[in-house]
Structures are given as structure tokens and as C-alpha cells.
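Coordinates from work-v3.txt are shown below (compact mmCIF, C-alpha atoms).
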# COMPACT_ATOMS: atom_id res chain seq x y z
CA MET A 262 198.35 -20.76 -21.48
CA LEU A 263 201.34 -18.48 -21.13
CA ILE A 264 203.76 -17.96 -24.01
CA THR A 265 207.02 -16.49 -22.75
CA GLY A 266 209.87 -14.62 -24.42
CA ALA A 267 208.31 -14.47 -27.89
CA THR A 268 209.53 -11.99 -30.50
CA LEU A 269 206.66 -10.21 -32.24
CA ALA A 270 206.72 -9.14 -35.88
CA ASP A 271 207.85 -5.63 -34.92
CA GLY A 272 210.80 -6.99 -32.94
CA ARG A 273 209.43 -6.50 -29.43
CA VAL A 274 209.97 -9.40 -27.03
CA ARG A 275 206.84 -10.11 -25.01
CA ASP A 276 205.00 -12.69 -22.95
CA VAL A 277 201.45 -13.48 -24.11
CA ARG A 278 198.76 -14.85 -21.81
CA ILE A 279 195.72 -16.58 -23.25
CA GLY A 280 192.49 -16.64 -21.25
CA ASN A 281 190.00 -19.45 -20.85
CA ASP A 282 187.75 -17.71 -23.38
CA GLY A 283 190.34 -18.23 -26.14
CA ARG A 284 191.32 -14.58 -26.32
CA ILE A 285 194.57 -12.82 -25.58
CA ASP A 286 194.46 -11.52 -22.00
CA ALA A 287 197.82 -9.77 -21.89
CA VAL A 288 200.82 -8.87 -24.05
CA ALA A 289 203.53 -7.64 -21.71
CA GLN A 290 206.96 -8.27 -20.25
CA GLY A 291 207.56 -10.29 -17.12
CA LEU A 292 204.27 -12.15 -16.87
CA GLY A 293 204.45 -14.94 -14.29
CA ALA A 294 202.84 -18.32 -14.71
CA ASP A 295 199.70 -19.10 -12.75
CA ALA A 296 199.33 -22.40 -10.91
CA GLY A 297 198.62 -25.22 -13.36
CA GLU A 298 199.03 -22.99 -16.40
CA ARG A 299 200.74 -24.46 -19.47
CA VAL A 300 203.87 -22.47 -20.29
CA LEU A 301 205.21 -22.42 -23.85
CA GLU A 302 208.80 -21.17 -23.96
CA ALA A 303 209.26 -19.13 -27.13
CA ARG A 304 212.66 -17.53 -26.63
CA GLY A 305 214.42 -17.00 -29.95
CA ARG A 306 211.27 -17.61 -31.97
CA HIS A 307 208.63 -15.34 -33.48
CA LEU A 308 204.98 -15.28 -32.46
CA LEU A 309 202.73 -14.13 -35.29
CA PRO A 310 198.99 -13.83 -35.80
CA GLY A 311 197.43 -16.77 -37.59
CA ALA A 312 196.96 -16.20 -41.30
CA VAL A 313 193.49 -15.40 -42.66
CA ASP A 314 193.34 -17.07 -46.08
CA VAL A 315 190.31 -15.51 -47.74
CA HIS A 316 190.46 -17.71 -50.83
CA VAL A 317 190.40 -21.52 -50.59
CA HIS A 318 188.52 -24.30 -52.36
CA PHE A 319 188.10 -27.20 -49.94
CA ARG A 320 186.04 -29.10 -52.54
CA GLU A 321 183.23 -30.35 -50.32
CA PRO A 322 180.55 -31.12 -51.26
CA GLY A 323 181.14 -32.90 -54.54
CA GLY A 324 184.93 -33.25 -54.72
CA SER A 325 186.07 -35.01 -51.57
CA HIS A 326 188.64 -37.05 -53.52
CA LYS A 327 190.50 -33.76 -54.07
CA GLU A 328 190.12 -32.29 -50.57
CA THR A 329 187.83 -32.37 -47.56
CA TRP A 330 187.21 -29.89 -44.78
CA GLU A 331 189.26 -32.13 -42.51
CA SER A 332 192.25 -32.58 -44.81
CA GLY A 333 192.20 -28.99 -46.03
CA SER A 334 192.03 -27.57 -42.52
CA ARG A 335 194.85 -29.84 -41.34
CA SER A 336 196.94 -28.47 -44.19
CA ALA A 337 195.95 -24.95 -43.18
CA ALA A 338 196.86 -25.52 -39.54
CA ALA A 339 200.24 -27.00 -40.45
CA GLY A 340 200.94 -23.87 -42.48
CA GLY A 341 199.88 -21.39 -39.81
CA VAL A 342 196.51 -20.51 -41.37
CA THR A 343 193.88 -20.19 -38.64
CA THR A 344 190.94 -18.88 -40.70
CA VAL A 345 189.94 -19.95 -44.22
CA VAL A 346 187.22 -18.73 -46.56
CA ASP A 347 185.73 -21.34 -48.87
CA GLN A 348 184.56 -20.40 -52.36
CA PRO A 349 181.22 -21.40 -53.92
CA ASN A 350 182.21 -23.50 -56.96
CA THR A 351 181.52 -26.83 -55.32
CA ASP A 352 178.90 -29.40 -56.39
CA PRO A 353 176.27 -28.20 -55.83
CA PRO A 354 177.48 -24.60 -56.10
CA THR A 355 176.78 -22.45 -53.04
CA VAL A 356 174.17 -20.25 -54.72
CA ASP A 357 171.14 -20.71 -52.44
CA GLY A 358 170.28 -21.38 -48.83
CA ASP A 359 170.03 -25.16 -49.17
CA ALA A 360 173.48 -25.44 -50.75
CA PHE A 361 174.91 -23.20 -48.04
CA ASP A 362 173.40 -25.43 -45.34
CA GLU A 363 174.85 -28.56 -46.93
CA LYS A 364 178.33 -27.04 -46.95
CA ALA A 365 177.91 -25.70 -43.42
CA ASP A 366 177.20 -29.22 -42.15
CA LEU A 367 180.41 -30.51 -43.75
CA SER A 368 182.50 -27.65 -42.36
CA ALA A 369 182.03 -29.04 -38.84
CA GLY A 370 185.15 -31.12 -39.53
CA SER A 371 187.39 -28.07 -39.77
CA LEU A 372 190.33 -27.66 -37.37
CA VAL A 373 190.44 -23.91 -38.10
CA ASP A 374 187.89 -21.12 -38.17
CA TYR A 375 186.18 -20.48 -41.49
CA GLY A 376 183.84 -18.45 -43.62
CA ILE A 377 181.59 -19.64 -46.43
CA ASN A 378 181.11 -17.48 -49.53
CA GLY A 379 178.03 -17.44 -51.70
CA GLY A 380 178.14 -17.63 -55.48
CA VAL A 381 176.29 -16.15 -58.43
CA THR A 382 174.84 -18.06 -61.38
CA PRO A 383 171.75 -17.40 -63.52
CA ASP A 384 169.69 -19.56 -61.13
CA TRP A 385 171.06 -18.21 -57.84
CA ASP A 386 168.65 -17.30 -55.05
CA PRO A 387 169.93 -14.18 -53.30
CA GLU A 388 167.07 -14.02 -50.81
CA SER A 389 167.76 -17.41 -49.24
CA LEU A 390 171.52 -17.03 -49.64
CA PHE A 391 171.72 -13.72 -47.79
CA GLU A 392 169.61 -15.12 -44.96
CA ARG A 393 172.57 -17.38 -44.09
CA PRO A 394 175.70 -16.33 -42.16
CA LEU A 395 177.52 -15.56 -45.39
CA PHE A 396 181.13 -14.42 -45.27
CA ALA A 397 181.07 -12.53 -48.60
CA LEU A 398 179.66 -12.81 -52.11
CA GLY A 399 182.05 -14.48 -54.50
CA GLU A 400 184.22 -15.63 -55.95
CA VAL A 401 181.98 -14.13 -58.66
CA PHE A 402 183.40 -15.47 -61.91
CA LEU A 403 183.50 -13.14 -64.92
CA ALA A 404 184.93 -16.03 -66.98
CA ASP A 405 184.56 -19.77 -66.60
CA SER A 406 186.98 -21.64 -64.37
CA THR A 407 186.53 -24.80 -62.26
CA GLY A 408 182.79 -25.26 -61.86
CA ASP A 409 181.74 -23.33 -64.99
CA MET A 410 180.24 -20.43 -63.03
CA GLY A 411 181.14 -17.61 -65.41
CA ILE A 412 178.45 -14.90 -65.69
CA ASP A 413 177.77 -11.98 -68.02
CA GLY A 414 177.98 -8.26 -67.29
CA ASP A 415 174.27 -7.78 -66.62
CA LEU A 416 174.16 -10.51 -63.98
CA PHE A 417 177.34 -9.14 -62.41
CA ALA A 418 175.68 -5.74 -62.15
CA ASP A 419 172.64 -7.33 -60.50
CA ALA A 420 174.90 -9.14 -58.03
CA LEU A 421 176.67 -5.88 -57.16
CA ASP A 422 173.29 -4.24 -56.54
CA GLU A 423 172.13 -7.10 -54.30
CA ALA A 424 175.37 -7.02 -52.32
CA ALA A 425 175.53 -3.23 -52.02
CA ALA A 426 171.99 -3.13 -50.65
CA ARG A 427 173.13 -5.42 -47.83
CA ASP A 428 176.64 -3.95 -47.43
CA VAL A 429 178.22 -7.27 -48.37
CA LEU A 430 181.64 -7.31 -50.02
CA VAL A 431 181.94 -8.90 -53.48
CA THR A 432 185.02 -10.93 -54.41
CA VAL A 433 185.62 -10.96 -58.17
CA HIS A 434 187.45 -13.37 -60.46
CA ALA A 435 188.17 -10.91 -63.27
CA GLU A 436 189.01 -12.25 -66.71
CA ASP A 437 187.39 -11.28 -70.03
CA ALA A 438 186.90 -14.41 -72.14
CA THR A 439 186.40 -12.33 -75.31
CA LEU A 440 190.08 -11.38 -75.07
CA PHE A 441 191.37 -14.94 -74.77
CA ASP A 442 193.68 -15.94 -77.64
CA GLU A 443 192.06 -19.08 -79.02
CA GLY A 444 194.91 -19.51 -81.50
CA ALA A 445 197.34 -20.17 -78.67
CA LEU A 446 195.79 -23.62 -78.26
CA ASP A 447 196.01 -24.56 -81.95
CA GLY A 448 199.65 -25.58 -82.00
CA ASP A 449 201.63 -28.42 -80.42
CA LEU A 450 200.52 -28.60 -76.78
CA GLY A 451 202.97 -31.32 -75.85
CA GLY A 452 202.06 -34.47 -73.98
CA THR A 453 200.26 -34.99 -70.70
CA GLY A 454 201.07 -33.87 -67.16
CA THR A 455 204.55 -32.39 -66.85
CA ALA A 456 205.16 -32.99 -70.57
CA ALA A 457 202.39 -30.57 -71.56
CA THR A 458 203.24 -27.14 -72.93
CA ALA A 459 201.81 -25.15 -70.04
CA ASP A 460 203.10 -21.87 -71.43
CA ALA A 461 200.34 -22.10 -74.04
CA TRP A 462 197.78 -21.67 -71.24
CA SER A 463 199.39 -18.37 -70.29
CA ALA A 464 199.32 -17.29 -73.93
CA TYR A 465 195.65 -18.32 -74.17
CA ARG A 466 194.28 -16.52 -71.08
CA THR A 467 196.07 -13.29 -71.80
CA ALA A 468 197.22 -10.60 -69.40
CA ASP A 469 195.06 -8.12 -71.33
CA ALA A 470 192.00 -10.27 -70.56
CA GLU A 471 192.61 -9.82 -66.84
CA ILE A 472 193.48 -6.13 -66.99
CA ALA A 473 190.38 -5.21 -69.01
CA ALA A 474 188.07 -7.27 -66.77
CA VAL A 475 189.51 -5.73 -63.60
CA GLU A 476 189.00 -2.22 -64.94
CA ARG A 477 185.38 -2.94 -65.94
CA ALA A 478 184.61 -4.63 -62.62
CA LEU A 479 185.98 -1.66 -60.70
CA ASP A 480 183.97 0.80 -62.80
CA ALA A 481 180.77 -1.22 -62.26
CA ALA A 482 181.40 -1.35 -58.52
CA ALA A 483 182.06 2.39 -58.33
CA ASP A 484 178.80 3.14 -60.18
CA ARG A 485 176.90 1.20 -57.49
CA ASP A 486 178.95 2.16 -54.42
CA ALA A 487 179.65 -1.55 -53.99
CA ARG A 488 182.53 -2.94 -51.96
CA VAL A 489 184.74 -5.07 -54.18
CA HIS A 490 187.79 -7.26 -53.63
CA VAL A 491 189.66 -8.42 -56.75
CA ALA A 492 190.85 -12.00 -56.35
CA HIS A 493 194.21 -13.40 -57.50
CA THR A 494 195.46 -10.40 -59.49
CA SER A 495 198.28 -11.84 -61.58
CA THR A 496 199.54 -8.70 -63.33
CA PRO A 497 201.06 -5.47 -61.98
CA GLU A 498 198.69 -3.55 -64.24
CA ALA A 499 195.66 -5.03 -62.48
CA VAL A 500 197.09 -4.01 -59.10
CA ASP A 501 197.67 -0.51 -60.46
CA ALA A 502 194.03 -0.35 -61.60
CA VAL A 503 192.89 -1.21 -58.05
CA VAL A 504 195.15 1.48 -56.58
CA GLU A 505 193.83 4.06 -59.03
CA SER A 506 190.21 3.11 -58.33
CA ARG A 507 190.85 3.40 -54.60
CA GLU A 508 192.33 6.87 -55.10
CA ASP A 509 189.22 7.94 -57.03
CA ARG A 510 187.00 7.23 -54.02
CA ASP A 511 186.85 9.52 -51.02
CA ALA A 512 188.91 8.66 -47.95
CA ALA A 513 186.01 6.98 -46.13
CA GLU A 514 185.47 4.57 -49.02
CA ALA A 515 189.07 3.92 -50.04
CA ARG A 516 189.20 0.57 -48.27
CA ASP A 517 186.10 -0.54 -50.18
CA VAL A 518 188.41 -1.43 -53.10
CA THR A 519 191.06 -4.06 -52.41
CA CYS A 520 193.01 -6.79 -54.17
CA GLU A 521 194.83 -9.99 -53.42
CA VAL A 522 197.72 -11.81 -55.06
CA THR A 523 198.60 -15.48 -54.72
CA PRO A 524 201.89 -17.15 -53.81
CA HIS A 525 202.00 -18.89 -57.19
CA HIS A 526 201.86 -15.58 -59.02
CA LEU A 527 204.49 -14.15 -56.65
CA PHE A 528 206.96 -17.04 -56.77
CA LEU A 529 206.31 -18.83 -60.09
CA SER A 530 206.32 -17.60 -63.68
CA ARG A 531 205.91 -18.87 -67.23
CA GLU A 532 209.53 -20.00 -67.12
CA ARG A 533 208.74 -22.30 -64.16
CA ALA A 534 205.59 -23.53 -65.93
CA ARG A 535 207.74 -25.28 -68.54
CA SER A 536 208.72 -27.91 -65.99
CA LEU A 537 205.35 -28.02 -64.24
CA GLY A 538 203.24 -28.72 -67.31
CA THR A 539 199.59 -29.11 -66.38
CA PHE A 540 200.56 -28.94 -62.70
CA GLY A 541 201.20 -25.26 -63.43
CA ARG A 542 197.84 -24.66 -65.11
CA MET A 543 195.61 -22.26 -63.15
CA ASN A 544 193.26 -19.32 -63.80
CA PRO A 545 194.48 -16.66 -64.21
CA PRO A 546 197.64 -18.33 -65.48
CA LEU A 547 201.28 -17.74 -64.66
CA ARG A 548 202.77 -14.62 -66.21
CA SER A 549 206.20 -13.64 -67.53
CA GLU A 550 209.16 -13.36 -65.19
CA SER A 551 209.21 -9.58 -65.67
CA ARG A 552 205.55 -9.32 -64.65
CA ARG A 553 206.17 -11.63 -61.67
CA GLU A 554 209.00 -9.41 -60.49
CA ALA A 555 206.85 -6.29 -60.91
CA LEU A 556 204.01 -7.92 -58.99
CA PHE A 557 206.36 -8.79 -56.14
CA ALA A 558 207.67 -5.22 -56.14
CA ARG A 559 204.12 -3.92 -55.70
CA LEU A 560 203.65 -6.30 -52.78
CA ALA A 561 206.80 -4.97 -51.12
CA ALA A 562 205.79 -1.36 -51.82
CA GLY A 563 202.41 -1.75 -50.10
CA ASP A 564 200.11 -1.65 -53.15
CA VAL A 565 198.85 -5.20 -52.60
CA ASP A 566 196.34 -5.54 -49.76
CA VAL A 567 196.19 -9.29 -49.22
CA VAL A 568 198.07 -12.44 -50.10
CA ALA A 569 195.64 -15.37 -50.36
CA THR A 570 196.27 -18.77 -51.84
CA ASP A 571 193.42 -19.67 -54.18
CA HIS A 572 194.12 -23.15 -52.75
CA ALA A 573 192.54 -25.25 -55.51
CA PRO A 574 193.58 -28.91 -55.20
CA HIS A 575 192.99 -31.55 -57.85
CA ALA A 576 193.93 -35.22 -57.82
CA VAL A 577 197.23 -36.15 -59.45
CA ASP A 578 195.58 -38.31 -62.11
CA GLU A 579 193.35 -35.38 -63.09
CA LYS A 580 196.33 -33.05 -63.49
CA ARG A 581 198.16 -35.66 -65.60
CA ARG A 582 195.81 -35.12 -68.52
CA GLY A 583 196.61 -33.03 -71.59
CA LEU A 584 196.71 -29.24 -71.37
CA VAL A 585 193.16 -28.63 -72.63
CA ASP A 586 191.58 -31.38 -70.52
CA ALA A 587 193.42 -30.96 -67.21
CA PRO A 588 191.60 -28.90 -64.54
CA SER A 589 192.93 -25.51 -63.45
CA GLY A 590 194.21 -24.90 -59.96
CA VAL A 591 197.04 -25.59 -57.53
CA PRO A 592 197.19 -26.24 -53.77
CA GLY A 593 198.80 -23.64 -51.53
CA VAL A 594 197.18 -23.15 -48.12
CA GLU A 595 200.02 -24.90 -46.27
CA THR A 596 202.80 -22.97 -48.02
CA LEU A 597 201.41 -19.41 -47.81
CA TYR A 598 203.13 -18.33 -44.60
CA PRO A 599 206.27 -20.45 -45.15
CA LEU A 600 207.05 -18.91 -48.56
CA LEU A 601 206.52 -15.35 -47.35
CA LEU A 602 208.48 -15.95 -44.16
CA GLU A 603 211.37 -17.21 -46.26
CA SER A 604 211.17 -13.97 -48.27
CA ALA A 605 211.36 -12.07 -44.99
CA ARG A 606 214.33 -14.16 -43.87
CA LYS A 607 216.12 -13.23 -47.10
CA GLY A 608 215.32 -9.54 -46.63
CA GLU A 609 212.90 -9.26 -49.56
CA LEU A 610 209.98 -8.32 -47.28
CA SER A 611 209.75 -7.10 -43.72
CA LEU A 612 208.19 -9.43 -41.17
CA GLU A 613 205.62 -6.72 -40.44
CA ARG A 614 204.66 -6.61 -44.12
CA VAL A 615 204.18 -10.39 -44.14
CA ARG A 616 202.02 -10.15 -41.00
CA ASP A 617 199.89 -7.43 -42.56
CA VAL A 618 199.16 -9.08 -45.92
CA VAL A 619 198.35 -12.54 -44.53
CA ALA A 620 196.63 -11.60 -41.27
CA ALA A 621 195.93 -7.97 -40.31
CA ASN A 622 194.79 -6.72 -43.72
CA PRO A 623 192.46 -9.59 -44.67
CA ALA A 624 190.91 -9.44 -41.20
CA GLU A 625 190.33 -5.69 -41.57
CA THR A 626 189.12 -5.90 -45.17
CA PHE A 627 186.51 -8.53 -44.36
CA GLY A 628 185.47 -7.18 -40.98
CA LEU A 629 186.97 -9.75 -38.61
CA ASP A 630 187.37 -7.44 -35.65
CA ARG A 631 189.10 -9.91 -33.32
CA LYS A 632 191.52 -11.58 -35.72
CA GLY A 633 194.79 -10.80 -37.44
CA ARG A 634 196.81 -9.22 -34.61
CA VAL A 635 198.65 -10.17 -31.43
CA VAL A 636 196.74 -7.68 -29.28
CA GLU A 637 194.87 -7.90 -25.99
CA GLY A 638 191.23 -8.80 -26.52
CA TYR A 639 191.84 -10.48 -29.88
CA ASP A 640 191.30 -14.18 -30.57
CA ALA A 641 194.40 -16.18 -29.67
CA ASP A 642 194.95 -17.32 -33.25
CA LEU A 643 198.71 -17.60 -33.03
CA VAL A 644 201.63 -19.14 -34.87
CA LEU A 645 205.07 -19.84 -33.39
CA VAL A 646 207.96 -20.05 -35.87
CA ASP A 647 211.72 -20.10 -35.89
CA ALA A 648 212.16 -17.44 -38.56
CA ALA A 649 215.78 -18.43 -39.14
CA ASP A 650 215.05 -22.11 -39.84
CA PRO A 651 213.80 -22.74 -43.39
CA ARG A 652 213.36 -26.18 -44.91
CA GLU A 653 212.75 -27.49 -48.38
CA ILE A 654 209.13 -27.79 -49.46
CA GLU A 655 208.27 -31.43 -50.19
CA ALA A 656 204.85 -32.70 -51.16
CA ALA A 657 205.38 -35.82 -49.04
CA ALA A 658 205.60 -33.65 -45.91
CA LEU A 659 202.42 -31.65 -46.64
CA HIS A 660 198.88 -32.55 -45.60
CA SER A 661 196.50 -31.72 -48.45
CA ALA A 662 194.62 -34.72 -49.80
CA CYS A 663 195.84 -33.92 -53.32
CA ALA A 664 199.42 -34.91 -52.33
CA TRP A 665 201.38 -32.56 -54.61
CA THR A 666 202.63 -28.96 -54.69
CA PRO A 667 203.82 -26.60 -57.43
CA PHE A 668 206.42 -25.28 -54.97
CA GLU A 669 208.39 -28.53 -54.70
CA GLY A 670 212.05 -27.75 -53.97
CA LEU A 671 211.54 -24.14 -52.90
CA ARG A 672 212.27 -23.23 -49.28
CA GLY A 673 209.86 -22.13 -46.57
CA VAL A 674 209.77 -21.35 -42.85
CA PHE A 675 207.15 -23.65 -41.32
CA PRO A 676 205.31 -23.28 -37.98
CA GLU A 677 206.17 -25.20 -34.88
CA VAL A 678 202.85 -24.48 -33.13
CA THR A 679 199.50 -23.20 -34.40
CA LEU A 680 196.69 -22.16 -32.06
CA VAL A 681 193.06 -21.36 -32.91
CA ARG A 682 191.39 -19.34 -30.16
CA GLY A 683 193.95 -20.68 -27.70
CA GLU A 684 193.55 -24.34 -28.70
CA VAL A 685 196.62 -26.11 -30.08
CA VAL A 686 195.57 -27.48 -33.47
CA TYR A 687 199.06 -28.26 -34.76
CA GLU A 688 202.39 -28.91 -33.07
CA ARG A 689 205.69 -30.04 -34.61
CA ASP A 690 208.87 -31.11 -32.84
CA PRO A 691 211.63 -29.16 -34.66
CA ALA A 692 214.23 -31.76 -33.68
CA THR A 693 212.44 -34.85 -34.99
CA GLY A 694 209.84 -33.37 -37.33
CA ALA A 695 207.11 -35.39 -35.61
CA ALA A 696 203.80 -33.56 -35.85
CA SER A 697 200.41 -33.87 -34.17
CA PHE A 698 197.02 -32.28 -34.72
CA GLY A 699 194.34 -31.19 -32.30
CA ASP A 700 190.58 -31.64 -32.52
CA PRO A 701 188.29 -29.86 -34.99
CA VAL A 702 187.52 -26.59 -33.20
CA GLY A 703 186.67 -24.44 -36.22
CA ARG A 704 183.71 -22.07 -36.14
CA ASN A 705 181.94 -19.99 -38.74
CA VAL A 706 183.40 -16.53 -38.11
CA ARG A 707 180.10 -14.89 -39.04
CA GLU A 708 178.38 -16.77 -36.22
CA SER A 709 180.92 -16.28 -33.43
In C-alpha cells, how does this file's structure come out?
Amino acid sequence: MLITGATLADGRVRDVRIGNDGRIDAVAQGLGADAGERVLEARGRHLLPGAVDVHVHFREPGGSHKETWESGSRSAAAGGVTTVVDQPNTDPPTVDGDAFDEKADLSAGSLVDYGINGGVTPDWDPESLFERPLFALGEVFLADSTGDMGIDGDLFADALDEAAARDVLVTVHAEDATLFDEGALDGDLGGTGTAATADAWSAYRTADAEIAAVERALDAAADRDARVHVAHTSTPEAVDAVVESREDRDAAEARDVTCEVTPHHLFLSRERARSLGTFGRMNPPLRSESRREALFARLAAGDVDVVATDHAPHAVDEKRRGLVDAPSGVPGVETLYPLLLESARKGELSLERVRDVVAANPAETFGLDRKGRVVEGYDADLVLVDAADPREIEAAALHSACAWTPFEGLRGVFPEVTLVRGEVVYERDPATGAASFGDPVGRNVRES
């Protein structure tokens, strides 16, 4: 395939040729089409590397009514995500070799490339788990969330030791349950679904609980020379703690400490939660508008390494329960790139910054040497967008099995074409909106 006249994130206009091996053969001007070669005219549109979403929950095995590998990967492809990393809190949890194998069999239905993380519980089996083509260890839960996989400090230290011995990165869900404000759930919690008082969840799982847990996790990792990635940091103070920890390490180890933020913590706040009710309940919860603004400022300034979605779908009837009984989590894999591209369109972020936090940085952080850039020799994981053409986000137009979104009514810039290693997995006609999907071509990135 030859893509002609595409504008790259840095503003250069280039042709891009994709070889039969699914890699980028050339990025240059004036490339001519070979006989029989498909030509994709991209003049006036941007060609970006496919996003690497290092934090999704595709719910299989055990929760296929919420999401499957097929539906989740279709949603990813439609949003320009070409690699996903699935977390271990499924049923059974991915804490031993057998559970990994069961999930690996199901992942064959994925349209996009993927990684599978291993989890930690008191009965985990690190020997069999690390024998598998594991992407990373984690999400290691320091407080309970969906799946009830919260562990204590001693087991976390053991997990860091096991991972450090094998040079495996550990992804941490950092909240300290001893600092939760139980009294926040004693008052009137409203009704069910959107009538629930979701702000009480933010008051319950306090910002201090995250900040303290992040600081302790970073200290424990430093003591063991472990590589650690802090998931879904929701407060600017937690990001600052990661930056400070990175500065305390020598230059060769600075990239061994990283953090991610989610679109919901960047674009939603406690004020928005009032209308979302339980559909805005997640862990860690939404924060104040002032903290949201400060978090976004740190993203723009370069302090945040990765934006990942924590795509955590639940069925609508599950989210319509009362605040205490509804599950935590929101979908987001299809709206990651669109929301950030809209921020770039409005001048809040540069297009290069968007490219880095969704593609180049996660690929570098997790050792994906051929992903995350539009460069010769890299996998042709590519996304074509009209960066000047946003549209309103509507749940009815998205592809997750859960069929709802917390970003309803916001605007996003959506892909027209998504390729995984040169294969078209998603294509949308911008004039009619008609969309089509390709075949499941996803591979485990630790096996390729």
C-alpha cells in the first residue's frame, strides 16, 4: 500500500509505503505507485501512529456481557488504537499460567495487537505466570477495585522482587484504603444510576489516599531497583511524586519510573459527576475541577508520560444500581485519540504531544521497539484523520458492547482509516459515516 500526501504530526507532508511484511518501507516525498499497489490519497489529512493503550479491561473470560475481545478490539480500531494491554482482574484472574492460557485463547478474536498482563493475589503462581509471554505485571492493586484483587504491602514487596529479578515492569493501582473516608458514604447517596450522588464516591476515595499510596509504591520500587508504572494517576500531586522519584534515580534509570493519566481524569471532574451519577463512578474517582485543570497542565508541560484509558466497561443495568452497589469503571478505548485530537485542534496540546503520550511514549516505556512512530522499519500501525473535522461523541455511534460513554456530548476527532501492520482493520466514509471492519489480525506483541 502507498499512502500519498499525508501530513505527519510534526507538519511534514510525506508519502508512506507499506511493505508486504506489514512494516513501513519508506517515508519520503514523491514516491510513485507500483503496479497493482493500493493507493490511499491522504492530502489534507494527518497520518499518525496507532495508539498503544496500555490499560484496558476487555472482560474475557468471565464478563463477556460487558465486553469481549472482538467487541473491545473493534472499539479500539474505530478509535485509532492499534495495540491494547489487557489487565488481570477477569474471572478467573490472570495470576497463573493456566489462567493466562485461557485468556490467550480468547484473544485470538482481536482485530488489534495486544499484550496480556499478569496479576498478583495471595494465591498467585509467579513461576508459571512468568513462563508465559507476559506483557507486564499488573495492574497490581494496592486497594480493592473490580475483581477484589487488593493486596497488602508485604505481598506488593514480594511482587516487586519477583518482577525485578526478571526485569519485568510493574503497573500499580495506587490507593491506600486506610485513608478512605468511610463517613462520606453515611449520608444521602441519592437514587440509582444518574440520580445517585456520585460526588460522594470522590469524597470517599480521597485524593490523599492516592497520593500516599503512590509515594509508598515509588519508595518500595526504588528500594528494589524495580521498574514501576503508576496507573491512572488522578491528582497533580501524584504526577509530581513520579517526577520527583524519577529525578532521584540516575539518568540511566530515570525512565524506570513512569505514570499514566486517563481521559476521564483529564476531561471530567466532580462537577460533571453530578449529572453522570453511577456512570461516573470509577477508581480512583473523579477529582475537583481545579485538580483536573492542574492535571491537564502537567500533561501539556510534559510531566505525564502516557495517556491510557483504563477502559472498564460495565453493562447499563449494572451501572444503574445505587452508588454503593454499582461497579466502578467507564469505557474509553474508542474515545482516547478523538478527545486528545480535539484538544490539539483547539490549541490546548500540540499534535506531537498527543502522538507522544498515546503512541511513542507507551511503546518506549513498555519496550515495543517497532511501534508508536511513523518511521521506516516500524510496524505499519497507522491512523488517518482529518484533524479539522470533529464530531459529537454519541454512545450510539460507538462499538463497545457496553453501549454507553461518560463523554456523551463532548467532541472528538475520529479516524477515517486504521491499519494494524498494514492491514485495514477499520475504514469510515467521512461523507456518509458508513464504517467497515477488517478481519481479526491481532497478535500478542510479546510473541511477534
Item to check | region 292-296 of chain A surroundings by all atoms listed in the file, 12 Å radius, close-in-sequence under 4 positions cut, as number ranges by chain | outcome: A: 262-267, 274-280, 286-288, 300-302
Item to check | Test item: residues at most 10 Å from Val518 (chain A), all atoms listed in the file, excluding those fewer than 4 positions along its chain, as a ChimeraX atom specification | outcome: /A:430-431,479,482-483,487-491,503-508,510,514,566,626
What lies within 10 Å of Asp586 (chain A) using all atoms listed in the file, ignoring chain neighbours under 5 positions off, as a PDB file with C-alpha atoms, in the coordinates of the input?
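So around-v1.pdb came out as:
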ATOM      1  CA  THR A 453     200.260 -34.990 -70.700  1.00  0.00           C
ATOM      2  CA  THR A 539     199.590 -29.110 -66.380  1.00  0.00           C
ATOM      3  CA  GLU A 579     193.350 -35.380 -63.090  1.00  0.00           C
ATOM      4  CA  LYS A 580     196.330 -33.050 -63.490  1.00  0.00           C
ATOM      5  CA  ARG A 581     198.160 -35.660 -65.600  1.00  0.00           C
TER       6      ARG A 581
END
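One distance worth recording is that between CA of Asn378 (chain A) and CA of Val346 (chain A), which is 6.9 Å.
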Item to check | Which of A:Asp650, A:Glu655, A:Glu436, A:Glu708 sits closest to Ala692 (chain A) [using all atoms listed in the file] | outcome: A:Asp650
Checklist entry - So what do you get for CA of Glu550 (chain A) versus CA of Ser463 (chain A), distance-wise? => result 12.1 Å
Checklist entry - Near region 413-425 of chain A, within 12 Å and counting all atoms listed in the file, which residues show up once chain neighbours fewer than 5 positions away are dropped, as a count of residues only? => result 50
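In this structure, CA of Trp665 (chain A) sits 8.9 Å away from CA of Phe540 (chain A).
You can rank A:Cys663, A:Ala649, A:Ala459, A:Val567 by their closest distance to Arg582 (chain A) using all atoms listed in the file, and at the top of that list sits A:Ala459.
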